[in-house]
$ cat entry.csv   # CSV, C-alpha atoms (C1' of nucleotides)
chain,number,residue,atom,x,y,z
A,28,MET,CA,16.5,6.7,-4.0
A,29,HIS,CA,14.8,3.3,-3.4
A,30,ALA,CA,15.9,2.9,0.2
A,31,GLU,CA,12.4,2.4,1.3
A,32,GLN,CA,12.1,-0.7,-0.7
A,33,ALA,CA,14.7,-2.5,1.4
A,34,ILE,CA,13.3,-1.1,4.6
A,35,PHE,CA,9.7,-2.2,3.9
A,36,ALA,CA,10.9,-5.6,2.8
A,37,ALA,CA,13.1,-5.9,5.9
A,38,LEU,CA,10.3,-4.9,8.3
A,39,ALA,CA,7.7,-7.0,6.6
A,40,ASP,CA,9.0,-10.2,8.2
A,41,PRO,CA,7.8,-10.7,11.8
A,42,SER,CA,11.0,-12.4,13.0
A,43,ARG,CA,13.0,-9.6,11.6
A,44,ARG,CA,10.8,-7.0,13.1
A,45,ALA,CA,11.0,-8.8,16.4
A,46,ILE,CA,14.8,-8.6,16.2
A,47,PHE,CA,14.7,-5.0,15.4
A,48,GLU,CA,12.4,-4.2,18.3
A,49,ARG,CA,14.7,-6.2,20.6
A,50,LEU,CA,17.6,-4.1,19.4
A,51,ALA,CA,15.6,-0.9,19.8
A,52,ARG,CA,15.6,-1.7,23.6
A,53,GLY,CA,19.4,-1.9,23.5
A,54,GLU,CA,22.5,-3.2,21.9
A,55,ALA,CA,22.8,-7.0,21.8
A,56,ALA,CA,25.2,-9.7,20.5
A,57,VAL,CA,24.1,-12.3,18.0
A,58,LYS,CA,24.7,-14.8,20.8
A,59,ASP,CA,22.0,-13.1,22.9
A,60,LEU,CA,19.5,-13.0,20.1
A,61,THR,CA,20.0,-16.7,19.4
A,62,ALA,CA,19.7,-17.6,23.1
A,63,ARG,CA,15.9,-17.7,23.2
A,64,GLY,CA,16.2,-20.7,20.9
A,65,GLU,CA,13.1,-19.8,18.9
A,66,ILE,CA,15.3,-19.6,15.8
A,67,SER,CA,18.6,-20.9,14.7
A,68,GLN,CA,21.8,-18.9,14.8
A,69,PRO,CA,22.2,-18.8,11.0
A,70,ALA,CA,18.6,-17.6,10.6
A,71,VAL,CA,19.4,-14.8,13.1
A,72,SER,CA,22.5,-13.8,11.2
A,73,GLN,CA,20.6,-13.8,7.9
A,74,HIS,CA,17.9,-11.5,9.4
A,75,LEU,CA,20.6,-9.2,10.8
A,76,ALA,CA,22.2,-9.0,7.3
A,77,ALA,CA,18.9,-8.0,5.8
A,78,LEU,CA,18.4,-5.3,8.5
A,79,ARG,CA,21.9,-4.1,8.0
A,80,ASP,CA,21.5,-3.9,4.2
A,81,ALA,CA,18.4,-1.9,4.8
A,82,GLY,CA,20.4,0.5,6.9
A,83,LEU,CA,18.3,-0.2,10.0
A,84,VAL,CA,21.1,-1.6,12.2
A,85,ALA,CA,24.8,-1.3,12.6
A,86,GLN,CA,27.3,-3.8,13.9
A,87,ARG,CA,30.3,-3.6,16.1
A,88,ARG,CA,32.8,-6.4,16.7
A,89,GLU,CA,34.2,-7.0,20.2
A,90,GLY,CA,36.4,-10.1,20.4
A,91,ARG,CA,34.4,-13.0,19.0
A,92,LEU,CA,31.1,-11.3,19.8
A,93,VAL,CA,29.4,-9.1,17.3
A,94,TYR,CA,27.1,-6.6,18.7
A,95,TYR,CA,24.2,-5.1,16.7
A,96,ARG,CA,22.4,-1.9,17.5
A,97,VAL,CA,19.6,0.1,15.8
A,98,ASP,CA,20.8,2.9,13.6
A,99,PRO,CA,18.8,5.9,14.5
A,100,LYS,CA,19.0,7.3,10.9
A,101,GLY,CA,17.7,4.0,9.5
A,102,LEU,CA,14.0,4.8,9.7
A,103,ARG,CA,14.4,8.2,8.2
A,104,PRO,CA,13.5,7.1,4.7
A,105,LEU,CA,10.4,5.6,6.1
A,106,VAL,CA,9.3,8.8,7.8
A,107,ASP,CA,10.2,10.8,4.6
A,108,TRP,CA,8.2,8.4,2.5
A,109,ILE,CA,5.2,8.8,4.8
A,110,ALA,CA,5.6,12.6,4.8
A,111,HIS,CA,6.0,12.7,1.0
A,112,TYR,CA,2.9,10.8,0.1
A,113,GLN,CA,0.6,12.2,2.8
A,114,ALA,CA,0.4,15.7,1.3
A,115,PHE,CA,-1.9,16.9,4.1
A,116,TRP,CA,0.6,15.9,6.7
A,117,VAL,CA,3.6,17.3,5.1
A,118,ASP,CA,3.5,20.7,6.8
A,119,LYS,CA,3.2,19.4,10.2
A,120,LEU,CA,5.7,16.7,9.7
A,121,ALA,CA,8.2,19.3,8.7
A,122,GLY,CA,9.0,19.9,12.3
A,123,LEU,CA,9.7,16.2,12.8
A,124,ARG,CA,12.0,16.0,9.9
A,125,ALA,CA,14.0,19.0,11.2
A,126,LEU,CA,14.2,17.1,14.5
A,127,LEU,CA,15.6,14.1,12.8
A,128,GLU,CA,18.3,16.3,11.3
A,129,GLU,CA,19.4,17.2,14.8
A,130,LEU,CA,19.8,13.6,15.8
A,131,GLU,CA,22.2,12.9,13.0
B,20,MET,CA,-2.7,-5.4,17.7
B,21,HIS,CA,-0.8,-6.6,14.6
B,22,ALA,CA,-2.0,-4.0,12.1
B,23,GLU,CA,1.5,-3.1,11.2
B,24,GLN,CA,2.1,-6.6,10.0
B,25,ALA,CA,-0.4,-6.2,7.2
B,26,ILE,CA,0.8,-2.7,6.5
B,27,PHE,CA,4.4,-3.6,6.2
B,28,ALA,CA,3.6,-6.6,4.1
B,29,ALA,CA,1.4,-4.5,1.8
B,30,LEU,CA,3.9,-1.8,1.3
B,31,ALA,CA,6.8,-4.2,0.8
B,32,ASP,CA,5.7,-4.9,-2.7
B,33,PRO,CA,6.8,-2.2,-5.3
B,34,SER,CA,3.7,-2.6,-7.5
B,35,ARG,CA,1.5,-2.2,-4.5
B,36,ARG,CA,3.4,0.8,-3.3
B,37,ALA,CA,3.1,2.3,-6.7
B,38,ILE,CA,-0.6,1.9,-6.6
B,39,PHE,CA,-0.8,3.4,-3.2
B,40,GLU,CA,1.3,6.4,-4.3
B,41,ARG,CA,-0.9,6.8,-7.3
B,42,LEU,CA,-4.0,6.8,-5.1
B,43,ALA,CA,-2.3,9.3,-2.7
B,44,ARG,CA,-2.5,11.8,-5.6
B,45,GLY,CA,-6.2,11.3,-5.9
B,46,GLU,CA,-9.0,8.8,-6.1
B,47,ALA,CA,-9.0,6.4,-9.1
B,48,ALA,CA,-11.1,3.6,-10.4
B,49,VAL,CA,-9.7,0.1,-11.0
B,50,LYS,CA,-10.2,0.8,-14.7
B,51,ASP,CA,-7.8,3.8,-14.5
B,52,LEU,CA,-5.1,1.8,-12.6
B,53,THR,CA,-5.3,-0.9,-15.2
B,54,ALA,CA,-5.1,1.4,-18.1
B,55,ARG,CA,-1.4,1.8,-18.1
B,56,GLY,CA,-1.2,-1.8,-19.1
B,57,GLU,CA,1.9,-2.6,-17.1
B,58,ILE,CA,-0.1,-5.1,-15.1
B,59,SER,CA,-3.3,-7.1,-15.6
B,60,GLN,CA,-6.6,-6.2,-14.1
B,61,PRO,CA,-6.8,-9.2,-11.8
B,62,ALA,CA,-3.3,-8.3,-10.5
B,63,VAL,CA,-4.5,-4.8,-9.8
B,64,SER,CA,-7.6,-6.0,-8.0
B,65,GLN,CA,-5.5,-8.4,-5.9
B,66,HIS,CA,-3.1,-5.6,-4.9
B,67,LEU,CA,-6.0,-3.4,-4.0
B,68,ALA,CA,-7.5,-6.1,-1.9
B,69,ALA,CA,-4.2,-6.4,0.0
B,70,LEU,CA,-4.1,-2.6,0.5
B,71,ARG,CA,-7.7,-2.6,1.7
B,72,ASP,CA,-7.1,-5.5,4.1
B,73,ALA,CA,-4.2,-3.5,5.5
B,74,GLY,CA,-6.6,-0.5,6.0
B,75,LEU,CA,-4.6,1.6,3.7
B,76,VAL,CA,-7.3,2.3,1.1
B,77,ALA,CA,-11.1,2.4,1.0
B,78,GLN,CA,-13.4,1.7,-1.9
B,79,ARG,CA,-16.5,3.3,-3.2
B,80,ARG,CA,-18.8,1.8,-5.9
B,81,GLU,CA,-20.3,4.0,-8.6
B,82,GLY,CA,-22.2,2.1,-11.2
B,83,ARG,CA,-19.9,-0.6,-12.5
B,84,LEU,CA,-16.8,1.4,-11.6
B,85,VAL,CA,-15.1,0.9,-8.2
B,86,TYR,CA,-13.2,3.9,-7.0
B,87,TYR,CA,-10.3,3.5,-4.5
B,88,ARG,CA,-8.8,6.2,-2.4
B,89,VAL,CA,-6.2,6.4,0.3
B,90,ASP,CA,-7.5,6.1,3.9
B,91,PRO,CA,-5.7,8.9,5.8
B,92,LYS,CA,-5.9,6.9,9.0
B,93,GLY,CA,-4.3,3.9,7.3
B,94,LEU,CA,-0.7,4.9,8.0
B,95,ARG,CA,-1.3,5.7,11.7
B,96,PRO,CA,-0.2,2.2,13.0
B,97,LEU,CA,3.0,2.7,11.1
B,98,VAL,CA,3.7,6.1,12.7
B,99,ASP,CA,2.8,4.6,16.0
B,100,TRP,CA,5.1,1.7,15.5
B,101,ILE,CA,8.0,4.0,14.7
B,102,ALA,CA,7.3,6.1,17.8
B,103,HIS,CA,6.9,3.1,20.0
B,104,TYR,CA,10.1,1.3,19.2
B,105,GLN,CA,12.3,4.3,18.9
B,106,ALA,CA,12.6,5.1,22.6
B,107,PHE,CA,14.8,8.1,22.1
B,108,TRP,CA,12.3,9.6,19.7
B,109,VAL,CA,9.2,8.9,21.7
B,110,ASP,CA,9.1,12.1,23.6
B,111,LYS,CA,9.5,14.2,20.5
B,112,LEU,CA,7.2,12.1,18.4
B,113,ALA,CA,4.5,12.5,21.0
B,114,GLY,CA,3.5,15.8,19.5
B,115,LEU,CA,3.1,14.2,16.1
B,116,ARG,CA,0.8,11.5,17.5
B,117,ALA,CA,-1.4,14.1,19.1
B,118,LEU,CA,-1.5,15.7,15.8
B,119,LEU,CA,-2.7,12.6,14.1
B,120,GLU,CA,-5.4,12.4,16.7
B,121,GLU,CA,-6.7,15.8,15.5
B,122,LEU,CA,-6.8,14.6,11.9
B,123,GLU,CA,-9.2,11.8,12.7
C,15,DA,C1',-33.5,-10.9,-22.0
C,16,DC,C1',-29.2,-10.2,-23.8
C,17,DA,C1',-24.8,-8.2,-24.8
C,18,DA,C1',-21.1,-5.4,-23.1
C,19,DC,C1',-18.3,-3.6,-19.8
C,20,DG,C1',-15.9,-3.3,-15.2
C,21,DA,C1',-14.3,-5.8,-11.3
C,22,DA,C1',-13.5,-9.8,-8.3
C,23,DT,C1',-12.5,-14.6,-7.8
C,24,DA,C1',-10.4,-19.3,-9.1
C,25,DA,C1',-6.7,-22.1,-10.4
C,26,DG,C1',-2.1,-22.8,-11.6
C,27,DC,C1',2.7,-21.7,-12.3
C,28,DG,C1',7.4,-19.8,-11.4
C,29,DC,C1',10.2,-17.5,-8.4
C,30,DA,C1',11.5,-15.3,-4.2
C,31,DT,C1',12.3,-16.1,0.6
C,32,DG,C1',12.8,-17.9,5.2
C,33,DC,C1',14.1,-21.9,7.4
C,34,DT,C1',17.2,-25.8,8.3
C,35,DT,C1',21.8,-28.5,8.7
C,36,DA,C1',26.6,-28.4,7.5
C,37,DT,C1',30.6,-26.0,6.9
C,38,DT,C1',33.9,-22.3,7.0
C,39,DG,C1',35.9,-18.1,9.2
C,40,DA,C1',37.4,-15.5,13.1
C,41,DT,C1',38.9,-14.9,17.7
C,42,DT,C1',40.3,-16.3,22.3
C,43,DC,C1',42.7,-19.1,25.5
C,44,DA,C1',45.3,-23.2,27.2
D,6,DT,C1',49.3,-25.3,17.9
D,7,DG,C1',45.1,-27.0,18.9
D,8,DA,C1',40.5,-26.8,21.0
D,9,DA,C1',36.5,-24.1,21.9
D,10,DT,C1',33.3,-20.4,21.1
D,11,DC,C1',30.7,-17.1,18.2
D,12,DA,C1',29.3,-15.6,13.7
D,13,DA,C1',28.8,-15.8,8.7
D,14,DT,C1',28.2,-18.4,4.6
D,15,DA,C1',26.7,-22.4,1.5
D,16,DA,C1',23.4,-25.5,0.0
D,17,DG,C1',18.9,-27.4,-0.1
D,18,DC,C1',14.1,-27.5,0.8
D,19,DA,C1',9.3,-26.1,1.6
D,20,DT,C1',6.2,-22.5,1.6
D,21,DG,C1',4.5,-18.0,0.3
D,22,DC,C1',3.5,-14.8,-3.0
D,23,DG,C1',2.8,-12.2,-7.3
D,24,DC,C1',1.7,-13.0,-11.8
D,25,DT,C1',-1.0,-15.0,-15.5
D,26,DT,C1',-5.4,-16.8,-18.0
D,27,DA,C1',-10.1,-18.2,-17.4
D,28,DT,C1',-14.2,-17.6,-15.3
D,29,DT,C1',-17.9,-15.5,-12.5
D,30,DC,C1',-20.4,-11.6,-10.6
D,31,DG,C1',-22.5,-7.1,-10.9
D,32,DT,C1',-24.1,-3.2,-13.4
D,33,DT,C1',-25.6,-0.6,-17.5
D,34,DG,C1',-28.0,-0.1,-21.7
D,35,DT,C1',-30.4,-1.7,-25.9
$ encode --input "entry.csv" --output "structure tokens"
Amino acid sequence: MHAEQAIFAALADPSRRAIFERLARGEAAVKDLTARGEISQPAVSQHLAALRDAGLVAQRREGRLVYYRVDPKGLRPLVDWIAHYQAFWVDKLAGLRALLEELE
Amino acid sequence: MHAEQAIFAALADPSRRAIFERLARGEAAVKDLTARGEISQPAVSQHLAALRDAGLVAQRREGRLVYYRVDPKGLRPLVDWIAHYQAFWVDKLAGLRALLEELE
DNA sequence: ACAACGAATAAGCGCATGCTTATTGATTCA
DNA sequence: TGAATCAATAAGCATGCGCTTATTCGTTGT
């Protein structure tokens, strides 16, 4: 599985990471994310599409507003990747991974 | 601190991640990494420079060979980032972070 | 000193990517 | 139906980035 490719690529961009971090503090509509005016609405939508394709966020439509939220499972491949390639951490990270199972 | 910027950027590239994963299995000289011929020596050196600037690998010179190895502390900012922006994980990840402290 | 080897740097090129403006699509309300 | 609002898509552009070849630097050995 190459899920981590899309995840790393998605989070490598500062604007995208900022959006993700914003969503981590709570659900928000595209309108809200655009409001700060730092970036155009299309740019925001494009970033959200990248985050969605990476499995990091999910969307929910309510009327004409589209709300985006962080998908808790989204970062799992990242944690798995770290655990897999850090052999000396694997044992201790096992607990964390089990924990993530619970959350799903 | 914007350490995670360089880390995400470094790991977003497949070739670079492949090199990192290779080094995670053990120290290797640039010569060894170039040997597979999939990529030129300058490209390898450039990737290694990016990984080094991100704090993910360290180098050691021995004669005319330069050996690279994974820096165990390198991925810490990544774990910290995950913990920080996943509010609902923070409590449970706290244990992991403490663990990372031990390893250093 | 000189040749050979390993690695880093320089310079240039092609392609990916993040932005913009313009447009289309979808939904609500008068 | 038509206007207004929110979001997604299209198209185009500029910059960044990863690769290459060529060169330079550092080290070893003859």
$ closest_residue --input "entry.csv" --among "C:DC29, C:DA22, C:DA17, C:DA36" --to "chain A" --atoms "all atoms listed in the file"
C:DA36
$ interface_residues --input "entry.csv" --of "chain C" --to "chain A" --cutoff "9 Å" --atoms "only C-alpha atoms (C1' of nucleotides)" --output "PDB file with C-alpha atoms (C1' of nucleotides), in the coordinates of the input"
ATOM      1  C1'  DG C  32      12.800 -17.900   5.200  1.00  0.00           C
ATOM      2  C1'  DC C  33      14.100 -21.900   7.400  1.00  0.00           C
ATOM      3  C1'  DT C  34      17.200 -25.800   8.300  1.00  0.00           C
ATOM      4  C1'  DA C  40      37.400 -15.500  13.100  1.00  0.00           C
ATOM      5  C1'  DT C  41      38.900 -14.900  17.700  1.00  0.00           C
ATOM      6  C1'  DT C  42      40.300 -16.300  22.300  1.00  0.00           C
TER       7       DT C  42
END
$ interface_residues --input "entry.csv" --of "chain A" --to "chain B" --cutoff "6 Å" --atoms "only C-alpha atoms" --output "mmCIF file with C-alpha atoms, in the coordinates of the input"
data_model
loop_
_atom_site.group_PDB
_atom_site.id
_atom_site.type_symbol
_atom_site.label_atom_id
_atom_site.label_comp_id
_atom_site.auth_asym_id
_atom_site.auth_seq_id
_atom_site.Cartn_x
_atom_site.Cartn_y
_atom_site.Cartn_z
ATOM 1 C CA PHE A 35 9.700 -2.200 3.900
ATOM 2 C CA ALA A 36 10.900 -5.600 2.800
ATOM 3 C CA ALA A 39 7.700 -7.000 6.600
ATOM 4 C CA ALA A 51 15.600 -0.900 19.800
#
$ atom_distance --input "entry.csv" --atom1 "atom CA of Tyr95 of chain A" --atom2 "atom CA of Thr61 of chain A"
12.6 Å
$ closest_residue --input "entry.csv" --among "D:DT35, D:DT28, D:DG23, D:DG17" --to "chain B" --atoms "only C-alpha atoms (C1' of nucleotides)"
D:DG23
$ atom_distance --input "entry.csv" --atom1 "atom CA of Ser72 of chain A" --atom2 "atom CA of Ala30 of chain A"
21.1 Å
$ atom_distance --input "entry.csv" --atom1 "atom CA of Asp90 of chain B" --atom2 "atom C1' of DT29 of chain D"
29.0 Å
$ interface_residues --input "entry.csv" --of "chain D" --to "chain A" --cutoff "8 Å" --atoms "all atoms listed in the file" --output "ChimeraX atom specification"
/D:10-13
$ build_atoms --input "entry.csv" --residues "segment 36-69 of chain A" --atoms "N, CA and C atoms" --output "short mmCIF file (atom, residue, chain, number, x, y, z; two decimals), keeping the file's coordinate frame"
data_model
loop_
_atom_site.label_atom_id
_atom_site.label_comp_id
_atom_site.auth_asym_id
_atom_site.auth_seq_id
_atom_site.Cartn_x
_atom_site.Cartn_y
_atom_site.Cartn_z
N ALA A 36 10.72 -4.15 2.94
CA ALA A 36 10.90 -5.60 2.80
C ALA A 36 11.50 -6.18 4.08
N ALA A 37 12.43 -5.45 4.68
CA ALA A 37 13.10 -5.90 5.90
C ALA A 37 12.06 -6.03 7.04
N LEU A 38 11.24 -5.02 7.17
CA LEU A 38 10.30 -4.90 8.30
C LEU A 38 9.04 -5.74 8.07
N ALA A 39 8.86 -6.24 6.87
CA ALA A 39 7.70 -7.00 6.60
C ALA A 39 7.69 -8.37 7.23
N ASP A 40 8.87 -8.84 7.55
CA ASP A 40 9.00 -10.20 8.20
C ASP A 40 8.89 -10.05 9.71
N PRO A 41 7.99 -10.81 10.32
CA PRO A 41 7.80 -10.70 11.80
C PRO A 41 9.01 -11.04 12.60
N SER A 42 9.75 -12.07 12.21
CA SER A 42 11.00 -12.40 13.00
C SER A 42 11.94 -11.26 12.93
N ARG A 43 12.05 -10.66 11.74
CA ARG A 43 13.00 -9.60 11.60
C ARG A 43 12.57 -8.35 12.38
N ARG A 44 11.26 -8.10 12.36
CA ARG A 44 10.80 -7.00 13.10
C ARG A 44 10.97 -7.20 14.61
N ALA A 45 10.79 -8.44 15.04
CA ALA A 45 11.00 -8.80 16.40
C ALA A 45 12.45 -8.50 16.84
N ILE A 46 13.37 -8.88 15.98
CA ILE A 46 14.80 -8.60 16.20
C ILE A 46 15.06 -7.13 16.31
N PHE A 47 14.49 -6.41 15.37
CA PHE A 47 14.70 -5.00 15.40
C PHE A 47 14.14 -4.33 16.64
N GLU A 48 12.97 -4.78 17.04
CA GLU A 48 12.40 -4.20 18.30
C GLU A 48 13.20 -4.57 19.48
N ARG A 49 13.75 -5.76 19.46
CA ARG A 49 14.70 -6.20 20.60
C ARG A 49 15.86 -5.23 20.60
N LEU A 50 16.43 -4.95 19.45
CA LEU A 50 17.60 -4.10 19.40
C LEU A 50 17.27 -2.64 19.74
N ALA A 51 16.00 -2.28 19.51
CA ALA A 51 15.60 -0.90 19.80
C ALA A 51 15.61 -0.70 21.34
N ARG A 52 15.55 -1.81 22.08
CA ARG A 52 15.60 -1.70 23.60
C ARG A 52 17.04 -1.70 24.05
N GLY A 53 17.98 -1.90 23.13
CA GLY A 53 19.40 -1.90 23.50
C GLY A 53 20.23 -2.81 22.69
N GLU A 54 21.50 -2.46 22.62
CA GLU A 54 22.50 -3.20 21.90
C GLU A 54 22.48 -4.70 22.33
N ALA A 55 22.73 -5.61 21.39
CA ALA A 55 22.80 -7.00 21.80
C ALA A 55 23.67 -7.77 20.79
N ALA A 56 24.31 -8.82 21.30
CA ALA A 56 25.20 -9.70 20.50
C ALA A 56 24.31 -10.74 19.80
N VAL A 57 24.80 -11.27 18.71
CA VAL A 57 24.10 -12.30 18.00
C VAL A 57 23.82 -13.49 18.98
N LYS A 58 24.80 -13.74 19.80
CA LYS A 58 24.70 -14.80 20.80
C LYS A 58 23.40 -14.60 21.67
N ASP A 59 23.17 -13.37 22.09
CA ASP A 59 22.00 -13.10 22.90
C ASP A 59 20.71 -13.28 22.15
N LEU A 60 20.72 -12.86 20.90
CA LEU A 60 19.50 -13.00 20.10
C LEU A 60 19.19 -14.43 19.79
N THR A 61 20.22 -15.24 19.73
CA THR A 61 20.00 -16.70 19.40
C THR A 61 19.57 -17.42 20.69
N ALA A 62 19.91 -16.86 21.84
CA ALA A 62 19.70 -17.60 23.10
C ALA A 62 18.31 -18.08 23.33
N ARG A 63 17.31 -17.33 22.89
CA ARG A 63 15.90 -17.70 23.20
C ARG A 63 15.56 -19.00 22.46
N GLY A 64 16.35 -19.40 21.52
CA GLY A 64 16.20 -20.70 20.90
C GLY A 64 15.00 -20.86 19.98
N GLU A 65 14.28 -19.77 19.80
CA GLU A 65 13.10 -19.80 18.90
C GLU A 65 13.55 -20.02 17.45
N ILE A 66 14.78 -19.65 17.21
CA ILE A 66 15.30 -19.60 15.80
C ILE A 66 16.74 -19.94 15.86
N SER A 67 17.22 -20.52 14.76
CA SER A 67 18.60 -20.90 14.70
C SER A 67 19.56 -19.75 14.57
N GLN A 68 20.81 -19.96 14.89
CA GLN A 68 21.80 -18.90 14.80
C GLN A 68 21.95 -18.39 13.33
N PRO A 69 22.05 -19.29 12.37
CA PRO A 69 22.20 -18.80 11.00
C PRO A 69 20.96 -17.95 10.57
#
